[in-house]
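Only one structure is covered here, and it is reproduced in the block below.
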Amino acid sequence: MSKTTNAAKPKRTSTSGKGRAASAKQQEAIAPVRNLESRLEPYRELCRAFVKYPCVMRPSALTGFERRLHVRDTIVEDHAVRIDEKAEGASDKFEELADSLFSFFRGTSLLFHRDMLGEDERMPTVLALGDVHPENFGIMPNADNVPIFGVNDFDDVLYAPFTWDLKRGATGFLIASEEVGGHKKKLRKKITRKFLEGYREGIGFYARHDKEASQQMRADNSPKVVKRMFRKAAKGRKEWLWDRYLNENGRGFRANEELTPISTRIPEFQGYVDEVAKQNGISPDGRAGELRVKDVCIRHGQGTASLGLPRYYCLIEGPSKDASDDLIVEFKRARRSALEGLVPENDFFAGREGERIAHGQAVHLANGDVFYGSVEIDGMSFMSRERAPFRDDIDLDDLSDKSWKHYAHACGLALAQAHARSDDAGELDYRIEPRILEAMEPDELFIDDILCFARAAVKRLKSDHAYYKRDLKLGAFKMSQKRYR
């Protein structure tokens, strides 16, 4: 062993009086303080451990004060960027999460999926939607600007066991049918069961007929409850533009609490629109006119999970150039999927951030919105899509007892088509429908298992929500967590 030279020896610090006080202050001044890192990788390792050693304890097994800390830490971690940047809408989101259990469920996907860590490793893999619940199905434009019904939120898409979507969807229907619908336990179970039966029916149909590549749920072929959605969503583009978006001369966005025009950035966003057009092969001689950006604005206060994330609208001049057929393309900050690092490892890759979300839409919807794409804005990944006058979600308050069941069944059918397309437009190189059907056997046992999971999840969520509301009042979400020496 080499000897330490005198020059290399550390100097002794004085321990007397002023020297000791000065040293303490100096240490305090230079002690590093930094944000806590994302726990994505530790959870990925925990997922691997659970798959290998199924007796490993997961977050869902935590109780009491330990569970309260887990809920708090996960929500702070999930919103750390928004908290540190004091993002507009972040505090609104925290208040919205406290308002109702359904809002809490919708806005805490990461918390929900960490409880599922490593689950169902043996089950067939699909491109999962990730955030399945009754309000993430709706009316939207397809490539021909025709309204269709289907899954409509791709922020959390990731390749995962098909059961992950069914478990979150079943939990969502149990919560919504109780809190929004006011239904009793027996009817809540029937509604949720209809969702699962619709999925089983849809997978069986596509296994027999192999039509998932072209099938669409339109106003002419939808169940009655969905046809009512089409009628409600029907609105002329000119009326929609002038009622909600255009200023007094029709040349740009109006300024109000929802919209803040940023017309100085028109050239910049023209580049982003051109980039999306190039990605998707959008011709400048179609209904988007010359693809010319007329104006740009910031959109405030939209969504639940996405509150506090940057969102922009681009106004594109239509072919008539009279502000009657303009298009609006939305650019929304893309975040990491809540399922990343939690699902059992597989051989399929959906892409990163905005690219992953665009991939999800391309897979899940047959002939979907041509403006789905991904760009980088201010060094961050954004996804793009078209806003449309007939883009609309279900109003759960309007559903009758019978309509709840019909709507749940329709959502199950739509999710089945999204999953079935994983081997047509997705990464899978084998037919997925027969494998899902086999994995669901026997049907009654499979459905009962999903319902049991959902009931347990609802019970846990109610406890988590109580912890959250208590911590919110005590200021737990005003700053992200730091690491101190």
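Within each chain, counting starts at residue 1; across the structure tokens, chains are named A, B, ... in the order shown, with ligands numbered 1 upward in that order.
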Self-check item: Who sits within 12 Å of region 107-109 of chain A, only C-alpha atoms, same chain under 5 positions skipped, as a count of residues only
Solution: 54
Name all residues at most 6 Å from region 38-54 of chain A (count only C-alpha atoms; drop same-chain ones fewer than 6 positions away) and give them as a PDB file with N, CA and C atoms, in the first residue's frame.
```
ATOM      1  N   LEU A 117     -47.896  -3.498 -10.785  1.00  0.00           N
ATOM      2  CA  LEU A 117     -46.522  -3.785 -11.197  1.00  0.00           C
ATOM      3  C   LEU A 117     -46.261  -5.280 -11.411  1.00  0.00           C
ATOM      4  N   GLY A 118     -45.801  -5.629 -12.630  1.00  0.00           N
ATOM      5  CA  GLY A 118     -45.404  -7.003 -12.935  1.00  0.00           C
ATOM      6  C   GLY A 118     -46.544  -7.979 -13.135  1.00  0.00           C
ATOM      7  N   GLY A 341     -41.955   0.776 -17.312  1.00  0.00           N
ATOM      8  CA  GLY A 341     -41.197   0.210 -16.200  1.00  0.00           C
ATOM      9  C   GLY A 341     -42.025  -0.654 -15.276  1.00  0.00           C
ATOM     10  N   LEU A 342     -43.336  -0.715 -15.493  1.00  0.00           N
ATOM     11  CA  LEU A 342     -44.228  -1.461 -14.600  1.00  0.00           C
ATOM     12  C   LEU A 342     -44.771  -2.727 -15.249  1.00  0.00           C
TER      13      LEU A 342
END
```
Self-check item: Test item: residues at most 12 Å from Leu365 (chain A), only C-alpha atoms, excluding those fewer than 4 positions along its chain, as a PyMOL selection string
Solution: chain A and resi 127+129+137+139-143+148-154+212-217+358-361+369-370+372+414-422+424-426
Quiz prompt | Shell around Ile83 (chain A) at 8 Å using only C-alpha atoms, local window under 3 positions removed, as a PyMOL selection string | solution = chain A and resi 79-80+86-87+90+477-480
Resulting file, chosen residues, C-alpha atoms, as a tab-separated table (two decimals), in the first residue's frame:
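Writing the result to out.tsv gives the following:
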```tsv
chain	number	residue	atom	x	y	z
A	79	HIS	CA	-46.10	16.10	-11.04
A	80	ALA	CA	-42.56	17.20	-10.09
A	86	LYS	CA	-45.07	26.40	-11.15
A	87	ALA	CA	-46.94	25.44	-14.29
A	90	ALA	CA	-50.97	22.51	-11.72
A	477	PHE	CA	-48.06	19.25	-3.12
A	478	LYS	CA	-46.68	22.79	-3.12
A	479	MET	CA	-43.10	21.71	-3.75
A	480	SER	CA	-41.35	18.67	-5.15
```
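Between CA of Arg391 (chain A) and CA of Leu413 (chain A) the interatomic distance comes to 19.5 Å.
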